[in-house]
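Participant: Structure file my_file_11.cif (mmCIF, C-alpha atoms) is given on the next line.
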```
data_query
#
loop_
_atom_site.group_PDB
_atom_site.id
_atom_site.type_symbol
_atom_site.label_atom_id
_atom_site.label_comp_id
_atom_site.auth_asym_id
_atom_site.auth_seq_id
_atom_site.Cartn_x
_atom_site.Cartn_y
_atom_site.Cartn_z
ATOM 1 C CA MET L 647 33.735 104.281 153.399
ATOM 2 C CA GLY L 648 31.535 101.778 151.622
ATOM 3 C CA VAL L 649 31.276 100.340 148.138
ATOM 4 C CA VAL L 650 29.298 101.133 145.013
ATOM 5 C CA THR L 651 28.806 98.201 142.664
ATOM 6 C CA ILE L 652 27.787 99.046 139.120
ATOM 7 C CA SER L 653 26.319 96.446 136.804
ATOM 8 C CA ALA L 654 26.079 97.834 133.288
ATOM 9 C CA ALA L 655 24.562 96.332 130.177
ATOM 10 C CA TYR L 656 26.576 96.761 126.992
ATOM 11 C CA GLY L 657 26.226 100.328 125.708
ATOM 12 C CA ALA L 658 24.780 101.704 128.961
ATOM 13 C CA ALA L 659 27.842 103.872 129.771
ATOM 14 C CA GLY L 660 29.232 101.801 132.631
ATOM 15 C CA ALA L 661 32.842 102.454 131.626
ATOM 16 C CA GLU L 662 32.215 106.193 131.730
ATOM 17 C CA VAL L 663 29.995 106.357 134.812
ATOM 18 C CA ALA L 664 31.927 104.104 137.204
ATOM 19 C CA PRO L 665 35.282 105.980 137.307
ATOM 20 C CA ALA L 666 33.476 109.320 137.420
ATOM 21 C CA VAL L 667 31.430 108.174 140.427
ATOM 22 C CA ALA L 668 34.614 107.018 142.166
ATOM 23 C CA GLU L 669 36.249 110.398 141.613
ATOM 24 C CA ARG L 670 33.232 112.296 142.905
ATOM 25 C CA LEU L 671 32.989 110.148 146.029
ATOM 26 C CA GLY L 672 36.723 110.216 146.704
ATOM 27 C CA LEU L 673 36.899 106.430 146.475
ATOM 28 C CA PRO L 674 39.262 104.188 144.515
ATOM 29 C CA PHE L 675 37.988 102.760 141.248
ATOM 30 C CA HIS L 676 38.788 99.053 141.342
ATOM 31 C CA ASP L 677 39.227 97.849 137.803
ATOM 32 C CA ARG L 678 42.635 96.603 136.663
ATOM 33 C CA ALA L 679 43.680 96.181 140.301
ATOM 34 C CA ILE L 680 41.254 93.286 140.723
ATOM 35 C CA PRO L 681 42.757 90.924 138.121
ATOM 36 C CA ALA L 682 46.225 91.933 139.347
ATOM 37 C CA GLN L 683 45.370 90.723 142.859
ATOM 38 C CA VAL L 684 43.731 87.591 141.469
ATOM 39 C CA ALA L 685 46.921 86.856 139.514
ATOM 40 C CA VAL L 686 49.038 86.989 142.662
ATOM 41 C CA ARG L 687 46.703 84.637 144.511
ATOM 42 C CA LEU L 688 46.536 82.125 141.683
ATOM 43 C CA GLY L 689 50.227 82.372 140.834
ATOM 44 C CA VAL L 690 49.635 83.318 137.201
ATOM 45 C CA PRO L 691 50.897 86.261 135.110
ATOM 46 C CA VAL L 692 48.851 89.446 135.398
ATOM 47 C CA ALA L 693 48.225 89.334 131.640
ATOM 48 C CA GLU L 694 46.622 85.910 132.003
ATOM 49 C CA ALA L 695 44.411 87.077 134.854
ATOM 50 C CA GLU L 696 43.362 90.137 132.866
ATOM 51 C CA ALA L 697 42.504 87.931 129.899
ATOM 52 C CA ASN L 698 40.411 85.641 132.072
ATOM 53 C CA ASP L 699 38.778 88.631 133.739
ATOM 54 C CA GLU L 700 37.556 89.761 130.332
ATOM 55 C CA THR L 701 36.959 86.414 128.642
ATOM 56 C CA VAL L 702 35.498 84.128 131.304
ATOM 57 C CA VAL L 703 31.950 85.113 130.395
ATOM 58 C CA ARG L 704 32.659 84.754 126.687
ATOM 59 C CA GLY L 705 34.182 81.344 127.246
ATOM 60 C CA LEU L 706 31.206 80.328 129.358
ATOM 61 C CA TRP L 707 28.830 81.406 126.620
ATOM 62 C CA ARG L 708 30.789 79.339 124.077
ATOM 63 C CA LEU L 709 30.289 76.321 126.335
ATOM 64 C CA VAL L 710 26.595 77.076 126.610
ATOM 65 C CA ALA L 711 26.293 77.393 122.852
ATOM 66 C CA SER L 712 28.466 74.468 121.770
ATOM 67 C CA LEU L 713 28.482 71.742 124.421
ATOM 68 C CA GLY L 714 24.799 71.286 125.169
ATOM 69 C CA THR L 715 22.624 72.903 127.794
ATOM 70 C CA MET L 716 20.306 72.206 130.670
ATOM 71 C CA PRO L 717 17.599 74.436 132.184
ATOM 72 C CA ASP L 718 18.410 76.404 135.297
ATOM 73 C CA PRO L 719 15.965 77.281 138.109
ATOM 74 C CA VAL L 720 15.405 80.864 136.944
ATOM 75 C CA GLY L 721 15.163 80.200 133.236
ATOM 76 C CA GLY L 722 17.808 80.371 130.540
ATOM 77 C CA VAL L 723 20.501 77.749 130.175
ATOM 78 C CA LEU L 724 23.479 76.390 132.051
ATOM 79 C CA PRO L 725 26.661 74.706 130.809
ATOM 80 C CA THR L 726 26.647 70.946 131.280
ATOM 81 C CA THR L 727 30.384 70.856 132.037
ATOM 82 C CA THR L 728 32.313 72.019 135.070
ATOM 83 C CA LEU L 729 34.553 75.055 134.753
ATOM 84 C CA PRO L 730 37.410 74.708 137.237
ATOM 85 C CA ASP L 731 39.418 77.558 135.728
ATOM 86 C CA ALA L 732 36.467 79.915 135.680
ATOM 87 C CA ARG L 733 35.555 78.899 139.216
ATOM 88 C CA ALA L 734 39.090 79.597 140.448
ATOM 89 C CA TYR L 735 39.009 83.108 139.019
ATOM 90 C CA ARG L 736 35.469 83.608 140.308
ATOM 91 C CA ASP L 737 36.386 82.477 143.820
ATOM 92 C CA GLN L 738 39.436 84.712 144.043
ATOM 93 C CA THR L 739 37.544 87.673 142.595
ATOM 94 C CA GLU L 740 34.888 87.219 145.274
ATOM 95 C CA ARG L 741 37.562 87.284 147.962
ATOM 96 C CA VAL L 742 39.054 90.475 146.562
ATOM 97 C CA LEU L 743 35.614 92.143 146.514
ATOM 98 C CA ALA L 744 34.953 91.114 150.102
ATOM 99 C CA GLU L 745 38.286 92.601 151.175
ATOM 100 C CA ILE L 746 37.545 95.835 149.312
ATOM 101 C CA ALA L 747 34.208 96.101 151.133
ATOM 102 C CA SER L 748 35.828 95.378 154.501
ATOM 103 C CA GLY L 749 38.672 97.803 153.838
ATOM 104 C CA ALA L 750 38.867 101.191 152.168
ATOM 105 C CA GLY L 751 35.849 100.609 149.947
ATOM 106 C CA GLY L 752 35.543 101.809 146.369
ATOM 107 C CA VAL L 753 33.598 101.583 143.137
ATOM 108 C CA VAL L 754 33.463 98.228 141.348
ATOM 109 C CA LEU L 755 32.262 97.839 137.771
ATOM 110 C CA GLY L 756 30.834 94.448 136.853
ATOM 111 C CA ARG L 757 32.143 91.187 138.325
ATOM 112 C CA ALA L 758 28.657 90.372 139.685
ATOM 113 C CA GLY L 759 29.354 92.737 142.581
ATOM 114 C CA ALA L 760 25.693 93.066 143.534
ATOM 115 C CA MET L 761 25.454 89.310 144.031
ATOM 116 C CA VAL L 762 28.804 88.891 145.778
ATOM 117 C CA LEU L 763 28.163 91.741 148.258
ATOM 118 C CA ARG L 764 24.389 91.458 148.495
ATOM 119 C CA ASP L 765 24.338 90.887 152.254
ATOM 120 C CA ARG L 766 26.289 94.004 153.202
ATOM 121 C CA SER L 767 24.512 97.157 154.374
ATOM 122 C CA ASP L 768 27.380 99.511 153.484
ATOM 123 C CA VAL L 769 27.073 98.948 149.732
ATOM 124 C CA LEU L 770 25.017 100.649 147.021
ATOM 125 C CA HIS L 771 24.099 98.396 144.111
ATOM 126 C CA VAL L 772 23.437 100.142 140.802
ATOM 127 C CA ARG L 773 22.210 98.790 137.471
ATOM 128 C CA LEU L 774 22.682 100.729 134.227
ATOM 129 C CA ASP L 775 20.571 99.473 131.360
ATOM 130 C CA GLY L 776 18.427 100.685 128.492
ATOM 131 C CA PRO L 777 16.487 99.549 125.426
ATOM 132 C CA PRO L 778 18.675 97.479 123.075
ATOM 133 C CA ASP L 779 18.277 99.874 120.151
ATOM 134 C CA ARG L 780 19.441 102.843 122.213
ATOM 135 C CA ARG L 781 22.311 100.892 123.766
ATOM 136 C CA LEU L 782 23.392 99.887 120.270
ATOM 137 C CA ALA L 783 23.269 103.474 119.008
ATOM 138 C CA ALA L 784 25.239 104.730 122.023
ATOM 139 C CA ALA L 785 27.893 102.040 121.612
ATOM 140 C CA VAL L 786 28.268 102.797 117.912
ATOM 141 C CA GLN L 787 28.660 106.495 118.642
ATOM 142 C CA ARG L 788 31.305 105.896 121.308
ATOM 143 C CA SER L 789 33.300 103.309 119.360
ATOM 144 C CA GLY L 790 33.016 104.613 115.813
ATOM 145 C CA ARG L 791 32.656 101.039 114.529
ATOM 146 C CA SER L 792 30.028 99.696 112.153
ATOM 147 C CA VAL L 793 26.513 99.042 113.373
ATOM 148 C CA GLU L 794 26.647 95.354 112.470
ATOM 149 C CA GLU L 795 29.958 94.790 114.234
ATOM 150 C CA VAL L 796 28.728 96.448 117.408
ATOM 151 C CA ARG L 797 25.375 94.662 117.195
ATOM 152 C CA ARG L 798 27.104 91.276 117.127
ATOM 153 C CA GLU L 799 29.364 92.204 120.033
ATOM 154 C CA MET L 800 26.447 93.537 122.092
ATOM 155 C CA ALA L 801 24.373 90.405 121.538
ATOM 156 C CA ALA L 802 27.281 88.134 122.501
ATOM 157 C CA SER L 803 28.128 90.247 125.547
ATOM 158 C CA ASP L 804 24.538 90.381 126.809
ATOM 159 C CA ARG L 805 24.077 86.619 126.481
ATOM 160 C CA ALA L 806 27.457 85.769 127.973
ATOM 161 C CA ARG L 807 27.115 88.001 131.022
ATOM 162 C CA GLU L 808 23.618 86.739 131.718
ATOM 163 C CA ALA L 809 24.825 83.127 131.408
ATOM 164 C CA TYR L 810 27.747 83.816 133.757
ATOM 165 C CA VAL L 811 25.558 85.243 136.530
ATOM 166 C CA ARG L 812 22.887 82.593 136.069
ATOM 167 C CA HIS L 813 25.500 79.840 136.210
ATOM 168 C CA PHE L 814 27.365 81.015 139.304
ATOM 169 C CA TYR L 815 24.651 82.904 141.210
ATOM 170 C CA ARG L 816 21.394 81.390 139.924
ATOM 171 C CA CYS L 817 19.745 84.714 139.198
ATOM 172 C CA ASP L 818 19.006 87.198 136.435
ATOM 173 C CA PRO L 819 21.535 90.075 136.477
ATOM 174 C CA ALA L 820 19.002 92.435 134.890
ATOM 175 C CA SER L 821 16.352 91.945 137.582
ATOM 176 C CA PRO L 822 15.795 95.202 139.511
ATOM 177 C CA ARG L 823 15.394 93.309 142.788
ATOM 178 C CA HIS L 824 19.193 93.036 143.041
ATOM 179 C CA TYR L 825 19.756 96.801 142.972
ATOM 180 C CA HIS L 826 19.001 99.896 144.996
ATOM 181 C CA LEU L 827 19.085 102.098 141.911
ATOM 182 C CA VAL L 828 18.280 101.242 138.286
ATOM 183 C CA VAL L 829 18.981 103.906 135.669
ATOM 184 C CA ASP L 830 18.482 103.997 131.913
ATOM 185 C CA GLY L 831 22.011 104.912 130.897
ATOM 186 C CA THR L 832 20.879 105.678 127.352
ATOM 187 C CA ALA L 833 18.203 108.228 128.278
ATOM 188 C CA LEU L 834 20.288 110.643 130.334
ATOM 189 C CA PRO L 835 23.652 112.380 129.893
ATOM 190 C CA VAL L 836 26.543 110.604 131.585
ATOM 191 C CA GLN L 837 27.012 113.422 134.087
ATOM 192 C CA THR L 838 23.366 113.221 135.105
ATOM 193 C CA VAL L 839 23.681 109.486 135.698
ATOM 194 C CA VAL L 840 26.841 110.101 137.733
ATOM 195 C CA GLU L 841 25.002 112.678 139.832
ATOM 196 C CA LEU L 842 22.144 110.255 140.525
ATOM 197 C CA VAL L 843 24.526 107.510 141.639
ATOM 198 C CA VAL L 844 26.591 109.870 143.787
ATOM 199 C CA THR L 845 23.481 111.239 145.479
ATOM 200 C CA ALA L 846 22.224 107.731 146.225
ATOM 201 C CA ALA L 847 25.633 106.640 147.534
ATOM 202 C CA ARG L 848 25.910 109.592 149.896
ATOM 203 C CA ALA L 849 22.382 108.934 151.132
ATOM 204 C CA ARG L 850 23.670 105.515 152.243
ATOM 205 C CA GLY L 851 26.694 107.052 153.922
ATOM 206 C CA ILE L 852 29.145 106.000 151.222
ATOM 207 C CA GLY L 853 32.063 108.198 150.228
ATOM 208 C CA ALA L 854 35.048 110.043 151.623
ATOM 209 C CA GLY L 855 34.448 112.952 153.929
#
```
Spell out the structure here as C-alpha coordinates.

Facilitator:
Amino acid sequence: MGVVTISAAYGAAGAEVAPAVAERLGLPFHDRAIPAQVAVRLGVPVAEAEANDETVVRGLWRLVASLGTMPDPVGGVLPTTTLPDARAYRDQTERVLAEIASGAGGVVLGRAGAMVLRDRSDVLHVRLDGPPDRRLAAAVQRSGRSVEEVRREMAASDRAREAYVRHFYRCDPASPRHYHLVVDGTALPVQTVVELVVTAARARGIGAG
(Lines of atoms letter the chains of each structure in order from A and count residues from 1; the text may use other names and numbers.)
(Lines give C-alpha, C1' and ligand atoms only; values in the text may rest on other atoms or scores of the structure.)
Protein backbone atom coordinates (compact mmCIF):
# COMPACT_ATOMS: atom_id res chain seq x y z
CA MET A 1 0.00 0.00 0.00
CA GLY A 2 3.04 2.24 -0.09
CA VAL A 3 4.78 4.61 2.29
CA VAL A 4 4.66 8.32 2.98
CA THR A 5 7.81 9.74 4.55
CA ILE A 6 7.49 13.12 6.21
CA SER A 7 10.51 15.23 7.03
CA ALA A 8 9.49 18.17 9.18
CA ALA A 9 11.52 21.11 10.41
CA TYR A 10 10.94 22.11 14.02
CA GLY A 11 7.64 23.98 14.33
CA ALA A 12 6.33 22.91 10.91
CA ALA A 13 3.52 20.71 12.32
CA GLY A 14 5.02 17.32 11.51
CA ALA A 15 3.72 15.74 14.71
CA GLU A 16 0.20 16.84 13.85
CA VAL A 17 0.25 16.17 10.10
CA ALA A 18 1.85 12.72 10.02
CA PRO A 19 -0.68 10.77 12.16
CA ALA A 20 -3.57 12.57 10.48
CA VAL A 21 -2.27 11.58 7.04
CA ALA A 22 -1.95 7.96 8.20
CA GLU A 23 -5.53 7.94 9.43
CA ARG A 24 -6.87 9.43 6.21
CA LEU A 25 -4.97 6.93 4.06
CA GLY A 26 -5.87 3.96 6.24
CA LEU A 27 -2.19 3.24 6.87
CA PRO A 28 -0.34 2.60 10.13
CA PHE A 29 1.58 5.49 11.64
CA HIS A 30 5.02 4.14 12.48
CA ASP A 31 6.39 6.12 15.38
CA ARG A 32 6.99 4.39 18.71
CA ALA A 33 6.89 1.01 16.96
CA ILE A 34 10.18 1.76 15.21
CA PRO A 35 12.39 2.13 18.31
CA ALA A 36 10.59 -0.87 19.83
CA GLN A 37 11.66 -3.04 16.88
CA VAL A 38 15.16 -1.58 16.98
CA ALA A 39 15.38 -2.48 20.68
CA VAL A 40 14.56 -6.12 19.98
CA ARG A 41 17.18 -6.34 17.25
CA LEU A 42 19.90 -4.72 19.33
CA GLY A 43 18.96 -6.55 22.53
CA VAL A 44 18.45 -3.37 24.55
CA PRO A 45 15.49 -2.14 26.63
CA VAL A 46 12.79 -0.33 24.68
CA ALA A 47 13.33 2.75 26.86
CA GLU A 48 16.97 2.88 25.79
CA ALA A 49 16.06 2.57 22.12
CA GLU A 50 13.45 5.31 22.48
CA ALA A 51 16.02 7.55 24.14
CA ASN A 52 18.51 6.95 21.35
CA ASP A 53 15.80 7.46 18.75
CA GLU A 54 15.22 10.94 20.15
CA THR A 55 18.75 11.87 21.22
CA VAL A 56 21.06 10.49 18.54
CA VAL A 57 20.91 13.73 16.55
CA ARG A 58 21.41 15.82 19.68
CA GLY A 59 24.38 13.71 20.69
CA LEU A 60 25.81 14.00 17.20
CA TRP A 61 25.48 17.77 17.31
CA ARG A 62 27.29 17.84 20.67
CA LEU A 63 30.16 15.96 19.03
CA VAL A 64 30.16 18.40 16.14
CA ALA A 65 30.22 21.35 18.51
CA SER A 66 32.71 20.07 21.08
CA LEU A 67 35.15 17.62 19.50
CA GLY A 68 36.29 19.47 16.40
CA THR A 69 34.96 19.39 12.88
CA MET A 70 35.88 18.75 9.29
CA PRO A 71 34.15 19.94 6.10
CA ASP A 72 31.81 17.58 4.33
CA PRO A 73 31.24 17.40 0.55
CA VAL A 74 27.95 19.32 0.62
CA GLY A 75 28.95 21.99 3.10
CA GLY A 76 28.45 22.17 6.84
CA VAL A 77 30.48 20.09 9.26
CA LEU A 78 31.04 16.48 10.19
CA PRO A 79 32.12 14.89 13.48
CA THR A 80 35.75 13.80 13.49
CA THR A 81 35.00 10.73 15.63
CA THR A 82 33.23 7.51 14.78
CA LEU A 83 29.83 6.84 16.31
CA PRO A 84 29.38 3.08 16.64
CA ASP A 85 26.30 3.38 18.85
CA ALA A 86 24.62 5.88 16.57
CA ARG A 87 25.51 3.77 13.55
CA ALA A 88 24.00 0.65 15.14
CA TYR A 89 20.71 2.43 15.75
CA ARG A 90 20.85 3.99 12.29
CA ASP A 91 21.48 0.65 10.60
CA GLN A 92 18.65 -1.11 12.40
CA THR A 93 16.27 1.79 11.79
CA GLU A 94 17.05 1.57 8.07
CA ARG A 95 16.22 -2.12 8.10
CA VAL A 96 12.91 -1.49 9.84
CA LEU A 97 12.00 1.20 7.27
CA ALA A 98 12.85 -1.12 4.39
CA GLU A 99 10.63 -3.83 5.88
CA ILE A 100 7.78 -1.35 6.35
CA ALA A 101 8.06 -0.35 2.68
CA SER A 102 8.16 -3.99 1.55
CA GLY A 103 5.26 -4.94 3.81
CA ALA A 104 2.05 -3.20 4.79
CA GLY A 105 3.42 0.30 4.25
CA GLY A 106 2.60 3.30 6.42
CA VAL A 107 3.48 6.86 7.31
CA VAL A 108 6.93 7.55 8.77
CA LEU A 109 7.84 10.83 10.45
CA GLY A 110 11.52 11.76 10.39
CA ARG A 111 14.31 9.17 10.60
CA ALA A 112 15.72 10.38 7.25
CA GLY A 113 13.03 8.32 5.50
CA ALA A 114 13.39 10.17 2.21
CA MET A 115 17.07 9.22 2.04
CA VAL A 116 16.64 5.64 3.24
CA LEU A 117 13.79 4.88 0.79
CA ARG A 118 14.83 7.19 -2.03
CA ASP A 119 15.10 4.43 -4.63
CA ARG A 120 11.58 3.07 -4.20
CA SER A 121 8.78 4.07 -6.57
CA ASP A 122 5.96 3.25 -4.13
CA VAL A 123 6.87 6.01 -1.68
CA LEU A 124 5.86 9.67 -1.41
CA HIS A 125 8.48 11.91 0.17
CA VAL A 126 7.18 15.06 1.85
CA ARG A 127 9.02 17.99 3.42
CA LEU A 128 7.30 20.37 5.84
CA ASP A 129 9.19 23.58 6.45
CA GLY A 130 8.68 27.31 6.82
CA PRO A 131 10.44 30.57 7.68
CA PRO A 132 12.19 30.36 11.07
CA ASP A 133 10.17 33.19 12.60
CA ARG A 134 6.87 31.54 11.71
CA ARG A 135 8.06 28.11 12.85
CA LEU A 136 9.09 29.67 16.15
CA ALA A 137 5.72 31.37 16.61
CA ALA A 138 3.85 28.15 15.79
CA ALA A 139 5.95 26.12 18.21
CA VAL A 140 5.44 28.66 20.99
CA GLN A 141 1.69 28.62 20.41
CA ARG A 142 1.51 24.82 20.49
CA SER A 143 3.78 24.35 23.51
CA GLY A 144 2.85 27.33 25.66
CA ARG A 145 6.52 27.76 26.63
CA SER A 146 8.56 30.95 26.54
CA VAL A 147 9.83 32.31 23.26
CA GLU A 148 13.47 32.12 24.32
CA GLU A 149 13.19 28.53 25.50
CA VAL A 150 11.57 27.43 22.26
CA ARG A 151 14.03 29.47 20.19
CA ARG A 152 16.97 27.68 21.78
CA GLU A 153 15.37 24.28 21.28
CA MET A 154 14.51 25.04 17.64
CA ALA A 155 18.03 26.20 16.85
CA ALA A 156 19.57 23.10 18.46
CA SER A 157 17.09 20.78 16.74
CA ASP A 158 17.60 22.32 13.29
CA ARG A 159 21.39 22.11 13.55
CA ALA A 160 21.40 18.60 14.99
CA ARG A 161 19.05 17.11 12.41
CA GLU A 162 20.94 18.71 9.56
CA ALA A 163 24.24 17.39 10.97
CA TYR A 164 22.78 13.89 11.34
CA VAL A 165 21.61 13.68 7.72
CA ARG A 166 24.79 15.27 6.39
CA HIS A 167 26.92 12.85 8.41
CA PHE A 168 25.14 9.63 7.47
CA TYR A 169 23.71 10.48 4.03
CA ARG A 170 25.96 13.28 2.76
CA CYS A 171 23.12 15.58 1.78
CA ASP A 172 21.07 18.54 2.95
CA PRO A 173 17.74 17.39 4.45
CA ALA A 174 16.09 20.70 3.53
CA SER A 175 16.90 20.47 -0.18
CA PRO A 176 13.68 20.12 -2.23
CA ARG A 177 15.35 17.68 -4.62
CA HIS A 178 14.81 14.89 -2.07
CA TYR A 179 11.03 15.32 -1.97
CA HIS A 180 8.00 15.01 -4.21
CA LEU A 181 6.09 17.59 -2.20
CA VAL A 182 7.38 20.54 -0.17
CA VAL A 183 4.85 22.47 1.91
CA ASP A 184 5.16 25.50 4.16
CA GLY A 185 3.62 24.04 7.29
CA THR A 186 3.40 27.48 8.89
CA ALA A 187 1.39 29.13 6.10
CA LEU A 188 -1.56 26.75 5.92
CA PRO A 189 -3.92 25.16 8.46
CA VAL A 190 -2.92 21.65 9.50
CA GLN A 191 -5.97 20.12 7.83
CA THR A 192 -5.10 21.80 4.55
CA VAL A 193 -1.57 20.42 4.71
CA VAL A 194 -2.99 16.97 5.48
CA GLU A 195 -5.29 17.23 2.47
CA LEU A 196 -2.39 18.17 0.18
CA VAL A 197 -0.29 15.22 1.35
CA VAL A 198 -3.20 12.78 1.10
CA THR A 199 -4.02 13.94 -2.42
CA ALA A 200 -0.40 13.54 -3.50
CA ALA A 201 -0.15 10.10 -1.89
CA ARG A 202 -3.28 8.83 -3.62
CA ALA A 203 -2.00 10.18 -6.92
CA ARG A 204 0.97 7.84 -6.46
CA GLY A 205 -1.29 4.92 -5.63
CA ILE A 206 -0.55 4.98 -1.91
CA GLY A 207 -3.22 4.17 0.66
CA ALA A 208 -5.75 1.54 1.63
CA GLY A 209 -8.64 0.89 -0.67

Participant: Mind giving me the straight-line distance from atom CA of Tyr810 of chain L to atom CA of Glu841 of chain L in Å, one decimal?

Facilitator: 29.6 Å

Participant: Point out the residue among L:Arg850, L:His676, L:Arg687, L:Arg733 with the least atom-to-atom distance to Arg766 of chain L, counting all atoms listed in the file.

Facilitator: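 Of the candidates, the smallest distance to Arg766 of chain L is held by L:Arg850.
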
Participant: Starting from the PyMOL selection byres ((chain L and resi 666) around 12), expand the selection into actual residues of this file and give them as a PyMOL selection string.

Facilitator: chain L and resi 650+652+659-665+667-675+752-755+836-844

Participant: Rounded to one decimal in Å, what is the spacing between atom CA of Gly831 of chain L and atom CA of Gln787 of chain L?

Facilitator: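 It comes out at 14.0 Å.
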
Participant: Which value, in Å to one decimal, gives the distance between atom CA of Arg773 of chain L and atom CA of Gly756 of chain L?

Facilitator: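 Straight-line distance from atom CA of Arg773 of chain L to atom CA of Gly756 of chain L works out to 9.7 Å.
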
Participant: Select, from L:His771, L:Arg678, L:Arg848, L:Arg781, the residue with the minimum atom-to-atom distance to Asp830 of chain L, counting all atoms listed in the file.

Facilitator: L:Arg781

Participant: Any idea what's packed within 10 Å of Ser803 of chain L, counting all atoms listed in the file, ignoring anything in its chain fewer than 2 positions away? Could you give it as a list in words?

Facilitator: Ala655, Tyr656, Val703, Arg704, Trp707, Arg797, Arg798, Glu799, Met800, Ala801, Arg805, Ala806, Arg807, Glu808 and Ala809 of chain L

Participant: When distances are computed from all atoms listed in the file, which of L:Arg780, L:Val772, L:Met761, L:Ser748 shows the smallest separation from Arg816 of chain L?

Facilitator: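 For Arg816 of chain L, the nearest of the given residues is L:Met761.
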
Participant: With only C-alpha atoms as the atoms that count, which of L:Asp768, L:Asp818, L:Glu795, L:Asp775 lies nearest to Gly751 of chain L?

Facilitator: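 Closest candidate: L:Asp768.
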
Participant: Given the file above and the PyMOL selection byres ((chain L and resi 851) around 10), which residues are selected, and can you give them as a list in words?

Facilitator: Met647, Gly648, Val649, Asp768, Val769, Leu770, Thr845, Ala846, Ala847, Arg848, Ala849, Arg850, Ile852, Gly853, Ala854 and Gly855 of chain L

Participant: Box along x, y and z, 5 Å on every side, all listed atoms of segment 664-673 of chain L inside: centre and edge lengths in Å to one decimal, as AutoDock Vina command-line options.

Facilitator:
```
--center_x 34.2 --center_y 108.2 --center_z 142.0 --size_x 15.5 --size_y 18.2 --size_z 19.5
```

Participant: Measuring between all atoms listed in the file, which one of L:Leu774, L:Ala833, L:Phe814, L:Ala802 shows the shortest distance to Ala734 of chain L?

Facilitator: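 So, comparing all the options, the nearest one is L:Phe814.
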
Participant: Taking into account only C-alpha atoms, which residue in the set L:Ser789, L:Ser653, L:Thr739, L:Ser767 is nearest to Leu688 of chain L?

Facilitator: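 Ranked by minimum distance to Leu688 of chain L, first place goes to L:Thr739.
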
Participant: Please identify all polymer residues within 8 Å of Val684 of chain L, counting all atoms listed in the file, omitting same-chain residues fewer than 6 positions from it, and present them as a list in words.

Facilitator: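 My list of contacting residues is Ala695, Tyr735, Gln738, Thr739 and Val742 of chain L.
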
Participant: Go ahead and write the selection's residues with C-alpha atoms as a short mmCIF file (atom, residue, chain, number, x, y, z; two decimals), in the coordinates of the input.

Facilitator:
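Contents of selection.cif, freshly written:
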```
data_model
loop_
_atom_site.label_atom_id
_atom_site.label_comp_id
_atom_site.auth_asym_id
_atom_site.auth_seq_id
_atom_site.Cartn_x
_atom_site.Cartn_y
_atom_site.Cartn_z
CA ALA L 695 44.41 87.08 134.85
CA TYR L 735 39.01 83.11 139.02
CA GLN L 738 39.44 84.71 144.04
CA THR L 739 37.54 87.67 142.60
CA VAL L 742 39.05 90.48 146.56
#
```
